[in-house]
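Peer 1: As input, take structure-v5.txt (compact mmCIF, C-alpha atoms):
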```txt
# COMPACT_ATOMS: atom_id res chain seq x y z
CA THR A 1 109.63 104.12 123.22
CA VAL A 2 106.33 103.99 121.35
CA ILE A 3 103.88 106.75 122.29
CA VAL A 4 100.15 106.31 121.76
CA PRO A 5 98.07 109.47 122.31
CA ALA A 6 94.44 108.51 122.85
CA PHE A 7 91.12 110.33 122.97
CA ARG A 8 87.90 108.32 122.92
CA GLU A 9 89.72 105.18 121.80
CA ALA A 10 88.21 102.56 124.18
CA LYS A 11 87.20 100.33 121.25
CA VAL A 12 90.69 100.10 119.75
CA ILE A 13 93.32 100.87 122.38
CA GLU A 14 93.86 97.31 123.64
CA ARG A 15 94.30 95.89 120.15
CA THR A 16 96.71 98.68 119.19
CA VAL A 17 98.99 98.20 122.19
CA THR A 18 98.92 94.42 121.75
CA SER A 19 100.17 94.83 118.17
CA LEU A 20 103.02 96.99 119.45
CA LEU A 21 104.10 94.43 122.03
CA ALA A 22 104.27 91.84 119.22
CA GLN A 23 106.77 93.85 117.16
CA GLN A 24 109.74 91.96 115.72
CA TYR A 25 112.33 94.36 117.07
CA ASP A 26 115.67 93.23 118.50
CA GLY A 27 116.16 96.10 120.94
CA PRO A 28 114.22 97.05 124.06
CA LEU A 29 110.77 98.47 123.36
CA ASP A 30 108.29 100.02 125.76
CA VAL A 31 104.90 101.64 125.19
CA VAL A 32 103.48 104.82 126.75
CA VAL A 33 99.74 105.33 126.38
CA VAL A 34 98.60 108.88 127.12
CA ASP A 35 94.86 109.30 127.58
CA ASP A 36 93.97 112.91 126.78
CA GLY A 37 91.01 113.28 129.13
CA SER A 38 88.74 110.90 127.21
CA PRO A 39 85.06 110.98 128.24
CA ASP A 40 84.81 107.24 127.57
CA ASP A 41 86.64 104.29 129.19
CA THR A 42 89.89 104.58 127.22
CA TYR A 43 92.06 104.94 130.32
CA ALA A 44 90.25 102.20 132.26
CA VAL A 45 90.41 99.76 129.36
CA ALA A 46 94.14 100.31 128.88
CA ARG A 47 94.90 100.05 132.61
CA ARG A 48 92.85 96.89 132.99
CA ALA A 49 94.43 95.23 129.94
CA PHE A 50 98.06 96.03 130.72
CA ASP A 51 98.21 96.49 134.47
CA GLY A 52 101.39 94.87 135.71
CA ASN A 53 103.08 94.74 132.29
CA PRO A 54 106.49 96.40 132.81
CA ARG A 55 106.67 97.36 129.13
CA VAL A 56 103.48 99.42 129.18
CA THR A 57 102.87 102.72 130.98
CA VAL A 58 99.34 104.14 130.96
CA LEU A 59 98.94 107.81 131.80
CA SER A 60 95.95 110.13 131.98
CA LYS A 61 95.85 113.91 131.70
CA SER A 62 93.25 116.61 131.32
CA ASN A 63 92.16 117.24 127.75
CA GLY A 64 94.57 119.50 125.89
CA GLY A 65 94.84 118.08 122.39
CA LYS A 66 96.99 115.51 120.66
CA ALA A 67 100.18 117.59 120.73
CA THR A 68 100.09 117.93 124.51
CA ALA A 69 99.49 114.20 124.92
CA LEU A 70 102.50 113.45 122.72
CA ASN A 71 104.68 115.83 124.72
CA VAL A 72 103.67 114.14 127.98
CA GLY A 73 104.64 110.80 126.44
CA ILE A 74 107.99 112.15 125.23
CA ALA A 75 108.77 113.46 128.72
CA ARG A 76 108.18 109.97 130.13
CA ALA A 77 110.01 108.13 127.36
CA ARG A 78 113.06 106.13 128.42
CA ALA A 79 114.56 105.68 124.93
CA ASP A 80 116.47 107.99 122.61
CA ILE A 81 114.14 107.14 119.72
CA ILE A 82 110.43 107.94 119.81
CA VAL A 83 107.87 106.15 117.64
CA CYS A 84 104.43 107.77 117.45
CA LEU A 85 101.19 106.36 116.13
CA ASP A 86 97.48 107.08 116.36
CA ALA A 87 95.48 104.86 118.67
CA ASP A 88 93.35 103.55 115.79
CA THR A 89 96.39 102.26 113.91
CA GLN A 90 97.78 98.72 113.63
CA PHE A 91 101.48 98.18 112.94
CA GLU A 92 102.72 95.23 110.93
CA PRO A 93 105.25 93.13 112.89
CA GLN A 94 108.34 94.65 111.24
CA THR A 95 107.21 98.29 111.30
CA VAL A 96 109.14 99.55 114.33
CA ALA A 97 112.37 97.92 113.10
CA GLU A 98 111.90 99.50 109.66
CA LEU A 99 111.23 102.92 111.20
CA VAL A 100 114.32 102.79 113.39
CA ALA A 101 116.74 101.57 110.68
CA PRO A 102 117.28 104.94 108.86
CA LEU A 103 118.14 106.61 112.18
CA VAL A 104 121.51 104.86 112.09
CA ASP A 105 122.50 107.90 110.04
CA PRO A 106 123.09 110.72 112.58
CA HIS A 107 121.94 113.30 110.02
CA VAL A 108 118.43 111.82 109.95
CA GLY A 109 116.19 113.42 112.56
CA ALA A 110 112.90 111.70 111.75
CA VAL A 111 111.44 108.91 109.63
CA ALA A 112 108.05 108.76 107.91
CA GLY A 113 106.34 105.39 107.60
CA ASN A 114 103.91 103.99 105.05
CA ALA A 115 100.32 104.60 106.16
CA LYS A 116 97.57 102.58 104.49
CA VAL A 117 93.80 102.42 104.92
CA GLY A 118 92.95 99.29 106.87
CA ASN A 119 89.14 99.39 106.74
CA ARG A 120 88.32 99.10 103.04
CA LEU A 121 84.65 98.49 103.71
CA ASN A 122 82.89 100.69 101.18
CA LEU A 123 83.47 103.10 98.31
CA VAL A 124 84.46 105.99 100.60
CA THR A 125 87.21 104.08 102.40
CA ARG A 126 88.40 102.44 99.17
CA TRP A 127 88.71 105.90 97.60
CA GLN A 128 90.89 106.90 100.54
CA ALA A 129 93.01 103.75 100.14
CA LEU A 130 93.55 104.81 96.53
CA GLU A 131 94.47 108.35 97.57
CA TYR A 132 96.95 107.21 100.24
CA VAL A 133 98.91 105.29 97.58
CA THR A 134 98.58 107.62 94.58
CA SER A 135 98.96 110.92 96.37
CA GLN A 136 100.45 110.77 99.85
CA ASN A 137 102.90 107.88 99.48
CA LEU A 138 103.94 108.70 95.91
CA ASP A 139 104.62 112.30 96.92
CA ARG A 140 106.56 111.11 99.96
CA ARG A 141 108.78 108.91 97.79
CA ALA A 142 109.58 111.84 95.50
CA PHE A 143 110.24 114.21 98.38
CA ALA A 144 112.47 111.61 100.07
CA LEU A 145 114.72 111.66 96.97
CA LEU A 146 114.86 115.45 97.23
CA ASP A 147 115.27 115.40 101.04
CA CYS A 148 112.21 117.54 101.65
CA ILE A 149 109.47 115.35 103.15
CA THR A 150 106.98 117.77 104.68
CA VAL A 151 104.96 115.41 106.89
CA VAL A 152 105.93 112.51 109.13
CA PRO A 153 102.39 111.14 109.47
CA GLY A 154 100.88 110.91 112.92
CA ALA A 155 99.84 107.35 112.11
CA VAL A 156 103.39 106.05 111.70
CA GLY A 157 106.63 107.92 112.35
CA ALA A 158 109.87 107.87 114.33
CA TRP A 159 111.81 110.77 115.83
CA ARG A 160 115.07 111.41 117.66
CA LYS A 161 114.01 112.46 121.13
CA ASP A 162 116.77 115.03 121.57
CA VAL A 163 115.98 116.64 118.19
CA VAL A 164 112.28 116.88 119.03
CA GLN A 165 113.03 118.47 122.38
CA SER A 166 115.59 120.87 120.88
CA VAL A 167 112.98 122.34 118.50
CA GLY A 168 110.33 122.67 121.21
CA GLY A 169 108.39 119.42 120.84
CA PHE A 170 104.96 119.15 119.30
CA ARG A 171 103.34 122.59 119.14
CA THR A 172 99.70 123.42 119.78
CA ASP A 173 99.42 126.46 117.50
CA THR A 174 98.40 124.44 114.42
CA LEU A 175 96.07 121.52 113.74
CA ALA A 176 98.86 119.72 111.86
CA GLU A 177 101.34 119.21 114.68
CA ASP A 178 103.09 116.41 112.78
CA GLN A 179 103.73 118.61 109.73
CA ASP A 180 104.80 121.54 111.90
CA LEU A 181 107.35 119.39 113.74
CA THR A 182 108.62 117.84 110.50
CA LEU A 183 109.33 121.28 109.06
CA ALA A 184 111.00 122.33 112.32
CA VAL A 185 113.29 119.27 112.16
CA HIS A 186 114.28 120.18 108.60
CA ARG A 187 114.93 123.78 109.60
CA ALA A 188 117.18 122.54 112.41
CA GLY A 189 119.41 120.98 109.76
CA TYR A 190 118.28 117.34 109.84
CA SER A 191 117.04 115.10 107.05
CA VAL A 192 113.73 113.23 107.15
CA ALA A 193 113.74 109.72 105.67
CA TYR A 194 110.98 107.51 104.30
CA ALA A 195 110.66 103.84 105.31
CA GLU A 196 108.31 102.30 102.74
CA ARG A 197 108.21 98.91 104.51
CA ALA A 198 107.21 100.46 107.83
CA ILE A 199 103.53 99.76 107.15
CA ALA A 200 100.70 100.91 109.38
CA TRP A 201 97.01 100.20 108.81
CA THR A 202 94.81 103.06 109.93
CA GLU A 203 91.05 103.48 110.32
CA ALA A 204 89.70 105.94 107.77
CA PRO A 205 86.31 107.72 107.96
CA ASP A 206 83.68 105.55 106.27
CA THR A 207 81.20 108.31 105.37
CA LEU A 208 81.60 111.43 103.22
CA ARG A 209 80.57 113.58 106.18
CA GLY A 210 83.24 112.04 108.41
CA LEU A 211 85.78 112.37 105.60
CA ALA A 212 84.95 116.06 105.12
CA ARG A 213 85.40 116.72 108.85
CA GLN A 214 88.79 114.98 108.94
CA ARG A 215 90.09 116.58 105.75
CA PHE A 216 88.95 120.06 106.78
CA ARG A 217 91.13 119.69 109.87
CA TRP A 218 94.04 118.46 107.74
CA SER A 219 93.61 121.22 105.18
CA PHE A 220 93.29 123.97 107.76
CA GLY A 221 96.33 122.59 109.59
CA THR A 222 98.34 122.56 106.34
CA LEU A 223 97.36 126.16 105.70
CA GLN A 224 98.44 127.09 109.23
CA CYS A 225 101.81 125.34 108.80
CA ALA A 226 102.44 126.90 105.40
CA TRP A 227 101.75 130.33 106.86
CA LYS A 228 103.76 129.69 110.03
CA HIS A 229 106.84 128.65 108.02
CA ARG A 230 106.37 131.21 105.25
CA ASP A 231 109.72 132.82 106.10
CA ALA A 232 111.42 129.68 104.72
CA LEU A 233 109.63 129.95 101.36
CA PHE A 234 112.13 130.25 98.48
CA ARG A 235 115.00 130.57 100.99
CA ARG A 236 117.98 128.57 99.74
CA ARG A 237 119.43 128.30 103.24
CA TYR A 238 116.65 125.78 103.99
CA GLY A 239 117.52 123.67 100.96
CA THR A 240 114.82 121.88 99.02
CA VAL A 241 112.31 122.41 101.84
CA GLY A 242 112.32 126.12 101.01
CA THR A 243 112.72 125.84 97.25
CA VAL A 244 110.60 122.76 96.47
CA ALA A 245 108.45 121.46 99.32
CA LEU A 246 106.89 124.66 100.64
CA PRO A 247 106.18 126.08 97.14
CA ASN A 248 104.59 122.70 96.30
CA THR A 249 102.42 122.93 99.42
CA TRP A 250 101.19 126.41 98.56
CA LEU A 251 100.67 125.73 94.85
CA PHE A 252 99.34 122.17 94.64
CA GLN A 253 97.83 121.47 98.06
CA LEU A 254 96.23 124.86 98.64
CA VAL A 255 95.94 127.35 95.78
CA LEU A 256 95.31 125.02 92.79
CA THR A 257 93.07 122.76 94.86
CA ALA A 258 90.98 125.77 95.82
CA LEU A 259 90.75 126.76 92.14
CA SER A 260 90.09 123.23 90.86
CA PRO A 261 86.29 123.58 91.00
CA LEU A 262 86.65 126.05 88.11
CA ALA A 263 87.89 123.21 85.90
CA ASP A 264 84.80 121.15 86.71
CA LEU A 265 82.58 124.16 86.05
CA LEU A 266 84.28 124.70 82.67
CA PHE A 267 83.64 121.04 81.81
CA VAL A 268 79.95 121.43 82.66
CA TYR A 269 79.86 124.73 80.75
CA GLY A 270 81.37 122.96 77.72
CA LEU A 271 78.61 120.35 77.79
CA ILE A 272 75.92 123.03 78.10
CA SER A 273 77.53 124.98 75.26
CA ALA A 274 77.50 121.87 73.04
CA TRP A 275 73.82 121.36 73.81
CA MET A 276 73.06 125.02 72.95
CA THR A 277 74.98 124.65 69.68
CA TRP A 278 72.88 121.59 68.84
CA ARG A 279 69.67 123.54 69.55
CA SER A 280 70.80 126.48 67.41
CA PHE A 281 72.81 124.99 64.52
CA GLY A 282 72.03 121.30 64.46
CA GLU A 283 73.69 118.04 65.29
CA SER A 284 76.75 118.26 63.00
CA TYR A 285 78.16 121.39 64.66
CA ALA A 286 77.29 120.24 68.16
CA LEU A 287 78.95 116.84 67.78
CA VAL A 288 82.28 118.43 66.83
CA ASP A 289 82.29 120.44 70.08
CA LEU A 290 81.10 117.48 72.13
CA TYR A 291 83.75 115.13 70.71
CA GLN A 292 86.50 117.62 71.48
CA ILE A 293 85.33 118.01 75.08
CA LEU A 294 85.03 114.27 75.66
CA ILE A 295 88.38 113.47 74.01
CA PHE A 296 90.25 116.01 76.15
CA TYR A 297 88.53 114.75 79.29
CA ALA A 298 89.25 111.12 78.37
CA VAL A 299 92.95 111.94 77.88
CA PHE A 300 92.92 113.61 81.29
CA LEU A 301 91.34 110.56 82.97
CA VAL A 302 93.69 108.11 81.23
CA THR A 303 96.71 110.15 82.30
CA ASP A 304 95.39 110.21 85.86
CA TRP A 305 94.86 106.43 85.77
CA LEU A 306 98.36 105.79 84.41
CA GLY A 307 99.79 107.86 87.25
CA ALA A 308 97.84 105.69 89.68
CA VAL A 309 99.20 102.53 88.06
CA VAL A 310 102.78 103.79 88.46
CA ALA A 311 102.11 104.52 92.15
CA PHE A 312 100.65 101.06 92.74
CA LEU A 313 103.57 99.34 90.98
CA MET A 314 105.74 100.78 93.76
CA GLU A 315 103.51 99.04 96.34
CA PRO A 316 103.84 95.34 95.35
CA ASP A 317 101.37 94.01 97.91
CA GLU A 318 98.63 96.50 97.10
CA GLU A 319 95.17 95.95 95.65
CA TYR A 320 95.66 96.94 92.00
CA SER A 321 91.95 96.87 91.23
CA LEU A 322 91.63 100.10 93.24
CA THR A 323 93.20 102.04 90.36
CA TRP A 324 89.96 101.86 88.34
CA LEU A 325 88.16 103.79 91.08
CA ILE A 326 90.07 106.91 90.06
CA VAL A 327 87.46 107.51 87.35
CA LEU A 328 84.58 107.51 89.86
CA GLN A 329 86.73 109.50 92.27
CA ARG A 330 86.59 112.45 89.89
CA PHE A 331 82.83 112.79 90.29
CA ALA A 332 82.36 112.81 94.07
CA TYR A 333 85.49 112.36 96.17
CA ARG A 334 87.48 115.16 94.56
CA GLN A 335 84.60 117.59 95.04
CA VAL A 336 84.72 116.92 98.79
CA MET A 337 88.45 117.72 98.74
CA TYR A 338 87.80 120.95 96.85
CA TRP A 339 85.16 121.96 99.36
CA VAL A 340 87.33 121.46 102.45
CA VAL A 341 90.22 123.50 101.01
CA VAL A 342 87.92 126.37 100.04
CA ARG A 343 86.30 126.15 103.48
CA SER A 344 89.78 126.30 105.09
CA PHE A 345 90.62 129.51 103.24
CA VAL A 346 87.29 131.03 104.24
CA ALA A 347 87.82 130.06 107.89
CA ALA A 348 91.32 131.55 107.82
CA VAL A 349 90.14 134.82 106.26
CA ARG A 350 87.34 135.10 108.80
CA GLY A 351 89.77 134.34 111.64
CA ARG A 352 87.51 131.60 112.95
CA ALA A 353 88.97 129.25 115.53
CA VAL A 354 88.99 125.61 114.45
CA GLY A 355 89.15 122.80 117.00
CA TRP A 356 90.59 119.31 116.67
CA GLY A 357 87.26 117.55 117.08
CA SER A 358 87.12 113.76 117.09
CA LEU A 359 86.04 110.90 114.86
CA GLU A 360 83.98 107.93 115.98
CA ARG A 361 86.11 104.81 116.14
CA LYS A 362 84.51 101.60 114.88
CA ALA A 363 87.43 99.16 115.35
CA THR A 364 87.25 98.08 111.70
CA VAL A 365 90.96 98.05 110.84
CA GLY A 366 91.77 94.69 109.31
CA ALA A 367 88.56 94.54 107.25
CA ARG A 368 90.36 94.96 103.93
```
Can you turn what I pasted into structure tokens?

Peer 2:
Amino acid sequence: TVIVPAFREAKVIERTVTSLLAQQYDGPLDVVVVDDGSPDDTYAVARRAFDGNPRVTVLSKSNGGKATALNVGIARARADIIVCLDADTQFEPQTVAELVAPLVDPHVGAVAGNAKVGNRLNLVTRWQALEYVTSQNLDRRAFALLDCITVVPGAVGAWRKDVVQSVGGFRTDTLAEDQDLTLAVHRAGYSVAYAERAIAWTEAPDTLRGLARQRFRWSFGTLQCAWKHRDALFRRRYGTVGTVALPNTWLFQLVLTALSPLADLLFVYGLISAWMTWRSFGESYALVDLYQILIFYAVFLVTDWLGAVVAFLMEPDEEYSLTWLIVLQRFAYRQVMYWVVVRSFVAAVRGRAVGWGSLERKATVGAR
């Protein structure tokens, strides 16, 4: 059973469900659309498009957030395996089959798919396409080898229904319900697999403001999950989730990201210092300092680019020209990421409630 939670998705819901019905999957497949009290015509559009189709169930409920919509869908699911995706996401024809395949192993409780940006319209969305490959998917490959994947993405993932229900379903106490449930599945003793050929094309924010709003929610949700599961940190009884994945989340996704602006400030300070040396002692002294700064920064950028190349070589059908954008990414995109993490820490310290919010859908997946 494929569950599609939807909120303000009138522009994309019909196309999404149609792509699901066209899946190349040998077994029975049905779709449950759960409208979460959308103020637009999401429910009406879905009912009108699929009324009378025995494979599609369209439900509507009062607004309660994505987790509650998913739980309603799970309760109505007829199958033992649940596939979840966001309503703005398009599956490739083989995606459901690829997601289900690892669940042949009874020790696997969930499977993460390969999410890609499907609306590469401008620099902002192309930066995100680069990040999905070089950061999210590369990390997921590494964590799959160590059996400690921390997030089955909401855009493309499969779950054993009985496992999900045994750990309490999707919870509403964090903004990262997919990460929370993934960690709960691990803690229940199950593995989480990665299906790299289970490809889903998702609609990414196409403005820096929209990106900042989305990533603030992700960052705050990650902070909530890390804090909620802090009792598993460094606990060997939870395997590599406790000894590798959670320490990685705290160190690299939260703490070092929050401190990263200091590195940029030191770079700027180095340039100012070289200029002051030139004013005080002349060009010969200043150039030595400037060359050292630029050489170290160039080595840093080249190393970053080589890491991107390695990540893209693992994605044979990807757009390799995106790797060159990693240089520009350092001077705008990364600063947005720094800001949202710092803002998440500030919101947490202040105890401010953070809502899910919503992004405007533009039905641009496929423009890549």

Peer 1: Find the residue from A:Val100, A:Val336, A:Ala176, A:Val133 that sits nearest to Leu208 (chain A); use only C-alpha atoms when measuring.

Peer 2: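 Checking each candidate against Leu208 (chain A), we get A:Val336 as the closest.
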
Peer 1: Considering all atoms listed in the file, can you say which of A:Ala200, A:Val72, A:Val302, A:Val32 comes closest to Pro153 (chain A)?

Peer 2: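 Smallest distance to Pro153 (chain A) is found for A:Ala200.
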
Peer 1: Would you kindly return, as a short mmCIF file (atom, residue, chain, number, x, y, z; two decimals) with C-alpha atoms, in the frame of the given file, each protein, DNA or RNA residue with an atom no farther than 10 Å from any atom of Gln335 (chain A), considering only C-alpha atoms and excluding same-chain residues fewer than 4 positions away?

Peer 2:
```
data_model
loop_
_atom_site.label_atom_id
_atom_site.label_comp_id
_atom_site.auth_asym_id
_atom_site.auth_seq_id
_atom_site.Cartn_x
_atom_site.Cartn_y
_atom_site.Cartn_z
CA THR A 257 93.07 122.76 94.86
CA SER A 260 90.09 123.23 90.86
CA PRO A 261 86.29 123.58 91.00
CA ASP A 264 84.80 121.15 86.71
CA GLN A 329 86.73 109.50 92.27
CA ARG A 330 86.59 112.45 89.89
CA PHE A 331 82.83 112.79 90.29
CA TRP A 339 85.16 121.96 99.36
CA VAL A 340 87.33 121.46 102.45
#
```

Peer 1: Measuring atom to atom with only C-alpha atoms, identify which of A:Gln253, A:Thr134, A:Gln94, A:Ser344 is nearest to Gln214 (chain A).

Peer 2: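 With only C-alpha atoms as the atom set, the closest residue is A:Ser344.
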
Peer 1: Do you know which residues lie at most 6 Å from (103.6, 119.5, 117.3), with coordinates as in the file and all atoms listed in the file counted, and could you write them as a list in words?

Peer 2: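 With a cut-off of 6 Å, the residues come to Ala67, Gly169, Phe170, Arg171, Glu177, Asp178, Asp180 and Leu181 of chain A.
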